[in-house]
>>> print(open('start.cif').read())   # mmCIF, C-alpha atoms and all ligand atoms
data_data
loop_
_atom_site.label_atom_id
_atom_site.label_comp_id
_atom_site.auth_asym_id
_atom_site.auth_seq_id
_atom_site.Cartn_x
_atom_site.Cartn_y
_atom_site.Cartn_z
CA MET A 895 -14.64 -26.55 4.41
CA ARG A 896 -12.69 -23.35 4.82
CA PRO A 897 -13.52 -20.75 2.14
CA THR A 898 -10.69 -20.77 -0.41
CA TYR A 899 -9.19 -17.77 -2.18
CA PRO A 900 -6.54 -18.08 -4.88
CA VAL A 901 -3.78 -15.48 -4.47
CA THR A 902 -0.80 -14.85 -6.75
CA GLU A 903 2.34 -14.53 -4.64
CA LEU A 904 5.32 -12.84 -6.30
CA LEU A 905 8.46 -14.09 -4.60
CA GLY A 906 11.25 -11.55 -4.24
CA ASP A 907 14.88 -10.97 -3.29
CA GLY A 908 16.80 -10.37 -0.06
CA ILE A 909 14.43 -10.83 2.87
CA GLY A 910 11.65 -11.82 0.42
CA PRO A 911 11.92 -15.59 1.07
CA GLU A 912 11.78 -15.08 4.87
CA LEU A 913 8.74 -12.84 4.49
CA SER A 914 7.08 -15.43 2.28
CA ARG A 915 7.61 -18.11 4.96
CA ALA A 916 6.18 -15.75 7.59
CA VAL A 917 3.09 -15.11 5.45
CA HIS A 918 2.52 -18.85 5.02
CA THR A 919 2.80 -19.45 8.77
CA LEU A 920 0.29 -16.67 9.39
CA ALA A 921 -2.02 -18.03 6.68
CA GLU A 922 -2.08 -21.42 8.43
CA ALA A 923 -3.65 -19.75 11.46
CA LEU A 924 -6.55 -18.26 9.50
CA PRO A 925 -10.03 -19.78 9.26
CA ILE A 926 -9.91 -19.36 5.48
CA GLN A 927 -7.60 -20.90 2.93
CA LEU A 928 -5.29 -18.69 0.89
CA GLU A 929 -4.26 -20.81 -2.07
CA PHE A 930 -0.94 -19.27 -3.07
CA ARG A 931 0.14 -19.48 -6.72
CA GLN A 932 3.77 -18.54 -6.66
CA VAL A 933 5.69 -16.76 -9.38
CA ASP A 934 9.44 -16.50 -8.80
CA PHE A 935 10.30 -12.83 -9.17
CA SER A 936 13.82 -13.13 -7.82
CA LEU A 937 16.41 -11.24 -9.86
CA GLU A 938 18.00 -14.50 -10.95
CA ASN A 939 14.76 -15.89 -12.29
CA ARG A 940 13.71 -12.59 -13.87
CA ARG A 941 17.04 -12.59 -15.73
CA ALA A 942 16.77 -16.24 -16.76
CA ASN A 943 13.18 -15.88 -17.98
CA LYS A 944 13.15 -12.31 -19.25
CA LYS A 945 10.75 -13.01 -22.09
CA THR A 946 8.09 -14.89 -20.16
CA ILE A 947 8.21 -13.92 -16.49
CA TYR A 948 6.00 -10.83 -16.71
CA ASP A 949 3.48 -12.61 -18.95
CA GLU A 950 3.34 -15.42 -16.41
CA ALA A 951 2.80 -13.00 -13.52
CA VAL A 952 0.19 -10.91 -15.34
CA GLU A 953 -1.71 -14.00 -16.49
CA SER A 954 -1.80 -15.40 -12.97
CA ILE A 955 -2.86 -12.07 -11.41
CA GLU A 956 -5.58 -11.60 -14.03
CA GLN A 957 -6.94 -14.99 -12.92
CA THR A 958 -6.61 -14.69 -9.15
CA LYS A 959 -7.54 -10.96 -9.10
CA VAL A 960 -5.46 -10.41 -5.97
CA ALA A 961 -1.71 -10.62 -5.54
CA LEU A 962 0.83 -10.24 -2.78
CA LYS A 963 4.25 -9.00 -3.83
CA HIS A 964 7.47 -9.38 -1.87
CA PRO A 965 10.26 -6.81 -2.32
CA THR A 966 12.39 -7.18 -5.44
CA ALA A 967 15.79 -5.73 -6.30
CA THR A 968 15.58 -3.02 -8.95
CA VAL A 969 18.59 -3.59 -11.21
CA GLU A 970 17.70 -3.70 -14.91
CA GLU A 971 14.02 -2.81 -14.67
CA SER A 972 11.66 -1.86 -11.86
CA PRO A 973 9.24 -4.79 -11.52
CA ASN A 974 6.81 -2.48 -9.74
CA GLN A 975 6.73 -0.09 -12.69
CA VAL A 976 6.36 -2.89 -15.22
CA LEU A 977 3.49 -4.44 -13.27
CA ARG A 978 1.77 -1.07 -12.81
CA ARG A 979 1.86 -0.51 -16.56
CA ARG A 980 0.97 -4.04 -17.61
CA LEU A 981 -1.94 -4.36 -15.16
CA ASP A 982 -3.14 -0.74 -15.47
CA LEU A 983 -2.78 -0.22 -11.71
CA SER A 984 -4.01 3.36 -11.67
CA VAL A 985 -4.62 3.99 -7.98
CA ILE A 986 -2.52 3.47 -4.86
CA HIS A 987 -4.17 3.18 -1.45
CA ARG A 988 -1.74 3.76 1.38
CA PRO A 989 -3.01 3.76 4.97
CA VAL A 990 -0.61 5.61 7.27
CA TYR A 991 -0.99 5.61 11.03
CA THR A 992 1.06 6.03 14.15
CA ILE A 993 1.80 2.63 15.64
CA PRO A 994 2.12 2.36 19.39
CA GLY A 995 5.66 1.38 20.25
CA VAL A 996 7.14 2.73 17.03
CA PRO A 997 9.20 5.79 17.94
CA THR A 998 8.24 9.05 16.20
CA ASN A 999 9.08 12.75 16.55
CA PHE A 1000 5.37 13.55 16.15
CA ARG A 1001 3.42 13.79 19.40
CA ARG A 1002 -0.09 13.31 18.00
CA ASP A 1003 -1.98 10.30 16.67
CA LEU A 1004 -2.32 10.07 12.92
CA ASP A 1005 -4.61 7.69 11.04
CA VAL A 1006 -5.10 8.64 7.43
CA ASP A 1007 -5.88 6.70 4.25
CA ILE A 1008 -4.15 8.28 1.27
CA VAL A 1009 -5.80 7.44 -2.05
CA ARG A 1010 -3.47 8.55 -4.83
CA ILE A 1011 -3.99 8.56 -8.57
CA ALA A 1012 -0.93 6.61 -9.69
CA THR A 1013 -0.69 7.95 -13.23
CA GLY A 1014 -0.37 11.38 -14.83
CA GLY A 1015 0.12 14.60 -12.96
CA THR A 1016 3.63 15.81 -13.76
CA TYR A 1017 5.11 12.30 -13.70
CA ASP A 1018 4.32 11.09 -17.22
CA ASP A 1019 6.33 13.79 -18.99
CA PRO A 1020 10.00 14.36 -18.24
CA GLY A 1021 9.70 17.78 -19.95
CA ARG A 1022 11.95 19.52 -22.45
CA MET A 1023 14.24 22.50 -22.72
CA ILE A 1024 13.06 25.56 -24.63
CA GLY A 1025 16.31 27.03 -25.86
CA GLU A 1026 18.97 27.18 -23.15
CA ASP A 1027 17.22 29.07 -20.41
CA GLY A 1028 13.80 27.60 -20.04
CA ALA A 1029 12.07 24.26 -19.69
CA VAL A 1030 8.48 23.03 -19.79
CA SER A 1031 6.63 19.87 -18.94
CA LEU A 1032 3.06 18.72 -19.30
CA ARG A 1033 0.76 18.11 -16.39
CA ILE A 1034 -1.85 15.52 -17.28
CA VAL A 1035 -5.15 14.85 -15.54
CA GLU A 1036 -7.65 12.41 -17.02
CA ARG A 1037 -11.22 11.76 -15.99
CA ARG A 1038 -11.00 7.97 -15.88
CA PRO A 1039 -8.34 7.45 -13.18
CA VAL A 1040 -9.73 10.34 -11.14
CA ARG A 1041 -13.19 8.78 -11.27
CA GLU A 1042 -11.78 5.37 -10.32
CA ALA A 1043 -9.82 6.75 -7.40
CA ALA A 1044 -12.76 8.88 -6.24
CA ARG A 1045 -15.19 5.96 -6.32
CA TYR A 1046 -12.70 3.87 -4.39
CA ALA A 1047 -12.16 6.62 -1.79
CA PHE A 1048 -15.88 7.29 -1.33
CA SER A 1049 -16.74 3.57 -1.13
CA LEU A 1050 -14.06 3.15 1.51
CA ALA A 1051 -15.51 6.12 3.40
CA ARG A 1052 -19.01 4.65 3.20
CA LYS A 1053 -17.81 1.28 4.55
CA THR A 1054 -15.78 2.81 7.36
CA ASN A 1055 -17.96 5.84 8.21
CA LYS A 1056 -15.22 8.28 7.37
CA ARG A 1057 -14.83 11.70 5.74
CA VAL A 1058 -13.17 12.29 2.36
CA THR A 1059 -10.95 15.32 1.82
CA THR A 1060 -9.85 16.15 -1.72
CA ALA A 1061 -6.76 18.32 -1.96
CA SER A 1062 -5.25 20.12 -4.94
CA LYS A 1063 -4.29 23.61 -6.17
CA TYR A 1064 -7.57 24.24 -7.98
CA THR A 1065 -7.30 28.00 -7.55
CA ILE A 1066 -4.09 28.14 -9.60
CA GLN A 1067 -4.06 25.00 -11.76
CA LYS A 1068 -7.56 25.77 -12.95
CA ALA A 1069 -7.78 23.27 -15.83
CA THR A 1070 -6.01 20.23 -14.35
CA ASP A 1071 -6.85 20.51 -10.66
CA GLY A 1072 -10.21 22.05 -11.54
CA LEU A 1073 -11.03 18.89 -13.55
CA PHE A 1074 -9.85 16.70 -10.66
CA GLU A 1075 -12.10 18.55 -8.17
CA SER A 1076 -15.09 18.55 -10.50
CA VAL A 1077 -14.87 14.77 -11.14
CA ALA A 1078 -14.45 14.18 -7.39
CA LYS A 1079 -17.50 16.36 -6.72
CA GLU A 1080 -19.55 14.42 -9.28
CA VAL A 1081 -18.63 11.15 -7.53
CA ALA A 1082 -19.29 12.72 -4.10
CA GLY A 1083 -22.85 13.37 -5.34
CA GLN A 1084 -23.33 9.59 -5.59
CA PHE A 1085 -22.36 9.19 -1.92
CA PRO A 1086 -24.54 11.84 -0.22
CA GLU A 1087 -24.03 10.29 3.23
CA VAL A 1088 -20.23 10.68 3.06
CA PRO A 1089 -18.91 14.03 4.35
CA HIS A 1090 -16.60 15.66 1.81
CA ASN A 1091 -14.53 18.82 1.78
CA ALA A 1092 -11.87 20.26 -0.52
CA GLU A 1093 -8.64 21.81 0.73
CA LEU A 1094 -5.81 23.58 -1.03
CA PHE A 1095 -2.92 21.13 -0.98
CA ASP A 1096 -0.43 23.45 0.72
CA ALA A 1097 -2.96 24.25 3.45
CA LEU A 1098 -3.64 20.53 3.88
CA LEU A 1099 0.00 19.81 4.70
CA GLY A 1100 -0.05 22.33 7.53
CA LYS A 1101 -3.44 21.25 8.80
CA ILE A 1102 -2.52 17.56 8.93
CA ILE A 1103 0.37 18.41 11.19
CA MET A 1104 -1.72 20.70 13.39
CA ALA A 1105 -5.00 18.75 13.53
CA PRO A 1106 -4.42 15.22 12.19
CA GLU A 1107 -7.74 13.97 13.61
CA LYS A 1108 -9.63 16.02 10.99
CA PHE A 1109 -8.25 13.96 8.09
CA GLU A 1110 -9.46 10.42 7.50
CA ILE A 1111 -9.37 9.69 3.76
CA VAL A 1112 -7.42 12.06 1.51
CA LEU A 1113 -7.83 11.82 -2.27
CA VAL A 1114 -5.05 13.40 -4.33
CA LEU A 1115 -3.37 13.56 -7.73
CA ASN A 1116 -0.15 11.65 -8.39
CA GLU A 1117 2.64 13.96 -7.23
CA TYR A 1118 0.66 15.34 -4.29
CA GLY A 1119 0.09 11.75 -3.17
CA ASP A 1120 3.78 11.04 -3.47
CA PHE A 1121 4.70 14.03 -1.27
CA LEU A 1122 1.89 13.46 1.18
CA SER A 1123 2.67 9.75 1.67
CA ASP A 1124 6.26 10.40 2.61
CA MET A 1125 5.35 13.27 4.92
CA ALA A 1126 2.68 11.18 6.64
CA CYS A 1127 5.04 8.19 6.97
CA GLY A 1128 7.66 10.49 8.45
CA LEU A 1129 5.14 11.78 10.98
CA ALA A 1130 4.14 8.23 11.86
CA GLY A 1131 7.83 7.34 12.18
CA SER A 1132 7.18 4.21 10.18
CA LEU A 1133 8.74 4.58 6.74
CA GLY A 1134 9.70 0.92 6.84
CA ILE A 1135 6.49 -0.70 8.06
CA GLY A 1136 3.83 0.70 5.76
CA ALA A 1137 1.89 -1.30 3.17
CA SER A 1138 -0.04 -0.34 0.04
CA ALA A 1139 -2.68 -1.59 -2.34
CA ASN A 1140 -2.09 -0.99 -6.05
CA LEU A 1141 -5.44 -1.12 -7.82
CA ALA A 1142 -6.80 -1.58 -11.34
CA PHE A 1143 -10.47 -1.05 -12.17
CA ASP A 1144 -13.06 -2.30 -14.63
CA ALA A 1145 -15.25 -0.08 -16.82
CA SER A 1146 -17.69 0.58 -13.98
CA ALA A 1147 -14.84 1.63 -11.64
CA VAL A 1148 -15.02 -1.55 -9.54
CA VAL A 1149 -11.65 -3.02 -8.43
CA ARG A 1150 -10.59 -5.50 -11.12
CA VAL A 1151 -7.20 -6.54 -9.73
CA ALA A 1152 -5.35 -5.56 -6.58
CA LEU A 1153 -1.68 -6.01 -5.80
CA TYR A 1154 -0.56 -5.62 -2.18
CA ASP A 1155 2.97 -4.94 -1.06
CA ALA A 1156 5.16 -3.65 1.73
CA ALA A 1157 6.72 -0.22 1.26
CA HIS A 1158 10.21 -1.33 2.26
CA GLY A 1159 12.80 -2.92 -0.01
CA THR A 1160 14.78 -6.16 0.00
CA ALA A 1161 16.98 -5.20 3.01
CA PRO A 1162 20.08 -7.02 1.68
CA ASP A 1163 22.02 -6.08 4.83
CA ILE A 1164 19.90 -8.38 7.01
CA ALA A 1165 18.77 -11.02 4.49
CA GLY A 1166 18.89 -14.61 5.68
CA LYS A 1167 19.61 -13.69 9.31
CA GLY A 1168 16.14 -14.05 10.78
CA LEU A 1169 16.02 -10.30 11.50
CA ALA A 1170 13.38 -9.23 8.97
CA ASN A 1171 10.35 -7.53 10.44
CA PRO A 1172 7.22 -9.00 8.80
CA THR A 1173 4.89 -6.23 10.10
CA ALA A 1174 4.51 -4.49 6.72
CA ILE A 1175 3.77 -7.66 4.78
CA PHE A 1176 1.24 -8.72 7.49
CA LEU A 1177 -0.46 -5.33 7.13
CA ALA A 1178 -0.48 -5.90 3.36
CA VAL A 1179 -2.10 -9.32 3.95
CA SER A 1180 -4.68 -7.64 6.20
CA MET A 1181 -5.61 -5.16 3.43
CA MET A 1182 -5.87 -8.04 0.97
CA LEU A 1183 -8.27 -9.86 3.31
CA TYR A 1184 -10.51 -6.77 3.43
CA GLN A 1185 -10.55 -6.75 -0.37
CA LEU A 1186 -11.52 -10.45 -0.38
CA GLY A 1187 -14.46 -9.55 1.86
CA GLU A 1188 -12.95 -11.29 4.91
CA ILE A 1189 -13.26 -8.16 7.03
CA SER A 1190 -13.12 -9.74 10.50
CA VAL A 1191 -10.12 -11.88 9.55
CA GLY A 1192 -8.36 -8.83 8.10
CA GLN A 1193 -9.11 -6.88 11.27
CA ALA A 1194 -7.76 -9.69 13.45
CA VAL A 1195 -4.47 -9.76 11.51
CA LYS A 1196 -4.04 -5.99 11.74
CA ASN A 1197 -5.05 -5.65 15.38
CA ALA A 1198 -3.06 -8.68 16.59
CA THR A 1199 0.07 -7.36 14.86
CA LEU A 1200 -0.33 -3.82 16.22
CA ASP A 1201 -1.30 -4.93 19.73
CA LEU A 1202 1.77 -7.16 19.99
CA LEU A 1203 3.97 -4.23 18.92
CA ARG A 1204 2.27 -2.10 21.58
CA GLN A 1205 3.01 -4.78 24.20
CA GLY A 1206 6.70 -4.74 23.27
CA VAL A 1207 6.74 -7.93 21.19
CA ARG A 1208 8.97 -6.47 18.46
CA THR A 1209 11.79 -7.38 16.12
CA ARG A 1210 15.20 -5.77 16.57
CA ASP A 1211 14.71 -2.94 14.07
CA LEU A 1212 12.04 -1.66 16.49
CA GLY A 1213 14.22 -2.17 19.55
CA GLY A 1214 12.84 -5.60 20.47
CA GLN A 1215 14.33 -9.08 20.83
CA GLU A 1216 12.12 -11.16 18.52
CA SER A 1217 13.32 -12.94 15.39
CA THR A 1218 11.22 -13.10 12.21
CA ASP A 1219 10.05 -16.57 13.23
CA SER A 1220 9.23 -15.83 16.88
CA PHE A 1221 7.36 -12.61 16.01
CA THR A 1222 5.45 -14.49 13.29
CA ALA A 1223 4.56 -17.31 15.69
CA ALA A 1224 3.30 -14.75 18.23
CA VAL A 1225 1.12 -13.00 15.63
CA ALA A 1226 -0.24 -16.29 14.27
CA ALA A 1227 -1.13 -17.50 17.79
CA GLU A 1228 -2.76 -14.18 18.68
CA VAL A 1229 -4.80 -14.11 15.45
CA GLY A 1230 -5.93 -17.69 16.10
CA ARG A 1231 -6.94 -16.79 19.66
CA ARG A 1232 -8.91 -13.71 18.59
CA LEU A 1233 -10.79 -15.48 15.81
CA GLU A 1234 -11.52 -18.45 18.05
CA SER A 1235 -12.99 -16.29 20.79
CA SER A 1236 -15.02 -14.17 18.34
CA SER A 1237 -16.56 -17.33 16.81
CA HIS A 1238 -17.96 -18.48 20.21
P1 LIG B 1301 15.36 -1.18 2.12
O1 LIG B 1301 13.96 -0.81 2.52
O2 LIG B 1301 15.54 -2.53 1.57
O3 LIG B 1301 16.32 -1.03 3.40
C1 LIG B 1301 16.52 0.19 4.13
C2 LIG B 1301 16.90 -0.15 5.59
O4 LIG B 1301 15.71 -0.62 6.25
C3 LIG B 1301 17.93 -1.29 5.69
O5 LIG B 1301 18.79 -1.04 6.77
C4 LIG B 1301 17.09 -2.51 5.99
O6 LIG B 1301 17.74 -3.50 6.73
C5 LIG B 1301 15.91 -1.93 6.76
N1 LIG B 1301 14.68 -2.72 6.54
C6 LIG B 1301 13.92 -2.68 5.42
N2 LIG B 1301 12.90 -3.55 5.54
C7 LIG B 1301 13.03 -4.14 6.75
C8 LIG B 1301 12.28 -5.12 7.44
N3 LIG B 1301 11.18 -5.68 6.92
N4 LIG B 1301 12.72 -5.52 8.66
C9 LIG B 1301 13.80 -4.96 9.21
N5 LIG B 1301 14.54 -4.01 8.61
C10 LIG B 1301 14.17 -3.61 7.39
O7 LIG B 1301 15.84 -0.06 1.09
P2 LIG B 1301 17.16 0.02 0.19
O8 LIG B 1301 18.34 -0.48 0.97
O9 LIG B 1301 17.16 1.39 -0.34
O10 LIG B 1301 16.90 -0.95 -1.05
C11 LIG B 1301 17.38 -2.27 -1.14
C12 LIG B 1301 16.82 -2.94 -2.39
O11 LIG B 1301 15.40 -3.01 -2.32
C13 LIG B 1301 17.14 -2.21 -3.71
O12 LIG B 1301 17.51 -3.18 -4.67
C14 LIG B 1301 15.83 -1.57 -4.11
O13 LIG B 1301 15.72 -1.49 -5.50
C15 LIG B 1301 14.81 -2.55 -3.55
N6 LIG B 1301 13.49 -1.96 -3.25
C16 LIG B 1301 12.40 -2.67 -3.62
C17 LIG B 1301 11.12 -2.23 -3.32
C18 LIG B 1301 9.97 -3.08 -3.71
O14 LIG B 1301 10.14 -4.12 -4.31
N7 LIG B 1301 8.74 -2.69 -3.40
C19 LIG B 1301 10.90 -0.97 -2.61
C20 LIG B 1301 12.11 -0.29 -2.22
C21 LIG B 1301 13.36 -0.78 -2.54
#
>>> encode(input="start.cif", output="structure tokens", more="lines below")
Ligand code: NAI
Amino acid sequence: MRPTYPVTELLGDGIGPELSRAVHTLAEALPIQLEFRQVDFSLENRRANKKTIYDEAVESIEQTKVALKHPTATVEESPNQVLRRRLDLSVIHRPVYTIPGVPTNFRRDLDVDIVRIATGGTYDDPGRMIGEDGAVSLRIVERRPVREAARYAFSLARKTNKRVTTASKYTIQKATDGLFESVAKEVAGQFPEVPHNAELFDALLGKIIMAPEKFEIVLVLNEYGDFLSDMACGLAGSLGIGASANLAFDASAVVRVALYDAAHGTAPDIAGKGLANPTAIFLAVSMMLYQLGEISVGQAVKNATLDLLRQGVRTRDLGGQESTDSFTAAVAAEVGRRLESSSH
């Protein structure tokens, strides 16, 4: 019997259905069973079932604990924002790395895990005018999400033998960033074997560009994470093929639910044409497999996908000739081959 894991799959718009088919083909090649419970998150269905669709999704995700989300059109509401709020997804983990074969202006290799606190910072308060000539806004830092993100970052570092760098402006934003650094330091004390250093955020941006190999896991507050993710993706040249984990935690800061998605959108210009690149959603599946404890299967999915790209097996957006289906078939076959040979 193959080990079985229930997974909520949120179906999306545009290239979403093609990506869902690709994921199912890949799943067939795995030595485990992903039992997909689908919730139709297409715009049409969200409109038709406004009152119940989010309850249905949240209920299913609370049961399965892990979810895979396909891109959805943001028209009336942002499904991502609603889900973040409803599920208390307070941390975003975004691995960013240069991918062989993906063109970039950056000449170095980058491989960094950004762990970002997804709430607070300057993003929860739109601010207000003071008279005509001034404006203020609140910057909010709370212990709980910082502790959750820090525990996640340090556990990841322990598992992968990596270093954690915290980055903020603690010299200037003494209360907010000072609290962030002090909570991170407290958590660091529980992981004495994990190397940890703190950088000023502006210095970090320069240093990542000059010496990317020094940065493995970077833990940051909300807006810094936002800026850093886009800069890192730009360096990697791969804005469209990244994936993230959106995480919610229980009272002891252990992951309670995790929602995985691709960073790109619904790509309406190529929908239904067999041109969609499933790399990002495969990398999201790989992260989900790690979370399920299926480390070697997750590694096989990631490495097979990246090795095929390196060998020139690529969809058209990356200058190759493959269709969604032929690229998917190649990845599925390669994953099967790798897992077969590692089990002998
Ligand atoms: P987009 O990422 O959908 O497309 C930008 C460009 O990248 C397009 O030329 C598209 O063809 C290409 N592209 C994107 N993903 C691709 C893939 N997997 N394979 C090959 N080419 C790909 O961004 P855009 O056009 O700004 O947004 C379109 C829709 O997607 C909007 O309704 C937006 O709200 C939604 N969106 C949803 C997200 C989500 O659900 N996580 C994230 C970003 C946008």
>>> residues_near_point(input="start.cif", point="(-2.4, -0.2, 2.0)", cutoff="6 Å", atoms="all atoms listed in the file", output="number ranges by chain")
A: 987-989, 1137-1139
>>> closest_residue(input="start.cif", among="A:Gly1131, A:Pro1039, A:Pro973, A:Gly1214", to="Val952 of chain A", atoms="all atoms listed in the file")
A:Pro973
>>> residues_near_ligand(input="start.cif", ligand="ligand LIG 1301 (chain B)", cutoff="7 Å", atoms="all atoms listed in the file", output="VMD selection string")
chain A and resid 964 to 969 974 1134 to 1135 1155 to 1164 1169 to 1172 1174 1211
>>> atom_distance(input="start.cif", atom1="atom CA of Lys1056 of chain A", atom2="atom CA of Glu1080 of chain A")
18.3 Å
>>> closest_residue(input="start.cif", among="A:Glu912, A:Asp1005, A:Asp1201, A:Asp1219", to="Lys1108 of chain A", atoms="all atoms listed in the file")
A:Asp1005
>>> axis_aligned_box(input="start.cif", around="segment 1029-1042 of chain A", padding_each_side="5 Å", output="lines of an AutoDock Vina configuration file")
center_x = -0.6
center_y = 14.8
center_z = -15.1
size_x = 35.3
size_y = 28.9
size_z = 19.5
>>> residues_around(input="start.cif", residues="Gly1213 of chain A", least_positions_apart="4", cutoff="10 Å", atoms="all atoms listed in the file", output="ChimeraX atom specification")
/A:995-997,1206-1209
>>> closest_residue(input="start.cif", among="A:Ser1049, A:Asn939, A:Asn1140, A:Thr1013", to="Met1182 of chain A", atoms="only C-alpha atoms")
A:Asn1140
>>> closest_residue(input="start.cif", among="A:Ser1123, A:Thr946, A:Thr1199, A:Ser1190", to="Asp1007 of chain A", atoms="all atoms listed in the file")
A:Ser1123
>>> closest_residue(input="start.cif", among="A:Leu1113, A:Ile993, A:Ile1103, A:Val1006", to="Asn1197 of chain A", atoms="all atoms listed in the file")
A:Ile993
>>> atom_distance(input="start.cif", atom1="atom CA of Asn999 of chain A", atom2="atom CA of Val1058 of chain A")
26.4 Å
>>> residues_around(input="start.cif", residues="Asp1124 of chain A", least_positions_apart="6", cutoff="10 Å", atoms="only C-alpha atoms", output="PyMOL selection string")
chain A and resi 990+1130+1132-1133
>>> closest_residue(input="start.cif", among="A:Leu924, A:Lys959, A:Met1104, A:Ala1069", to="Arg1001 of chain A", atoms="all atoms listed in the file")
A:Met1104
>>> residues_near_point(input="start.cif", point="(-5.4, -1.8, -18.6)", cutoff="10 Å", atoms="all atoms listed in the file", output="PyMOL selection string")
chain A and resi 978-984+1142-1144+1150
>>> atom_distance(input="start.cif", atom1="atom CA of Leu1032 of chain A", atom2="atom CA of Val1112 of chain A")
24.2 Å
>>> build_atoms(input="start.cif", residues="segment 1047-1066 of chain A", atoms="N, CA and C atoms", output="short mmCIF file (atom, residue, chain, number, x, y, z; two decimals), keeping the file's coordinate frame")
data_model
loop_
_atom_site.label_atom_id
_atom_site.label_comp_id
_atom_site.auth_asym_id
_atom_site.auth_seq_id
_atom_site.Cartn_x
_atom_site.Cartn_y
_atom_site.Cartn_z
N ALA A 1047 -12.27 5.86 -3.04
CA ALA A 1047 -12.16 6.62 -1.79
C ALA A 1047 -13.53 6.76 -1.12
N PHE A 1048 -14.55 7.09 -1.92
CA PHE A 1048 -15.88 7.29 -1.33
C PHE A 1048 -16.49 5.96 -0.86
N SER A 1049 -16.23 4.87 -1.60
CA SER A 1049 -16.74 3.57 -1.13
C SER A 1049 -16.08 3.20 0.19
N LEU A 1050 -14.78 3.44 0.27
CA LEU A 1050 -14.06 3.15 1.51
C LEU A 1050 -14.65 3.98 2.66
N ALA A 1051 -14.94 5.24 2.37
CA ALA A 1051 -15.51 6.12 3.40
C ALA A 1051 -16.88 5.62 3.84
N ARG A 1052 -17.68 5.15 2.87
CA ARG A 1052 -19.01 4.65 3.20
C ARG A 1052 -18.89 3.43 4.12
N LYS A 1053 -17.98 2.52 3.76
CA LYS A 1053 -17.81 1.28 4.55
C LYS A 1053 -17.30 1.57 5.95
N THR A 1054 -16.46 2.60 6.08
CA THR A 1054 -15.78 2.81 7.36
C THR A 1054 -16.30 4.04 8.11
N ASN A 1055 -17.38 4.66 7.55
CA ASN A 1055 -17.96 5.84 8.21
C ASN A 1055 -16.97 6.98 8.33
N LYS A 1056 -16.25 7.25 7.28
CA LYS A 1056 -15.22 8.28 7.37
C LYS A 1056 -15.50 9.44 6.42
N ARG A 1057 -14.72 10.50 6.57
CA ARG A 1057 -14.83 11.70 5.74
C ARG A 1057 -13.79 11.64 4.61
N VAL A 1058 -14.15 12.18 3.45
CA VAL A 1058 -13.17 12.29 2.36
C VAL A 1058 -12.76 13.75 2.20
N THR A 1059 -11.46 13.99 2.14
CA THR A 1059 -10.95 15.32 1.82
C THR A 1059 -10.24 15.22 0.47
N THR A 1060 -10.62 16.08 -0.48
CA THR A 1060 -9.85 16.15 -1.72
C THR A 1060 -8.91 17.34 -1.56
N ALA A 1061 -7.70 17.22 -2.11
CA ALA A 1061 -6.76 18.32 -1.96
C ALA A 1061 -6.02 18.53 -3.26
N SER A 1062 -5.94 19.78 -3.69
CA SER A 1062 -5.25 20.12 -4.94
C SER A 1062 -4.96 21.63 -4.93
N LYS A 1063 -4.51 22.16 -6.06
CA LYS A 1063 -4.29 23.61 -6.17
C LYS A 1063 -5.26 24.14 -7.21
N TYR A 1064 -6.56 23.91 -6.98
CA TYR A 1064 -7.57 24.24 -7.98
C TYR A 1064 -7.70 25.74 -8.25
N THR A 1065 -7.20 26.56 -7.33
CA THR A 1065 -7.30 28.00 -7.55
C THR A 1065 -6.26 28.48 -8.58
N ILE A 1066 -5.16 27.73 -8.69
CA ILE A 1066 -4.09 28.14 -9.60
C ILE A 1066 -4.07 27.26 -10.85
#
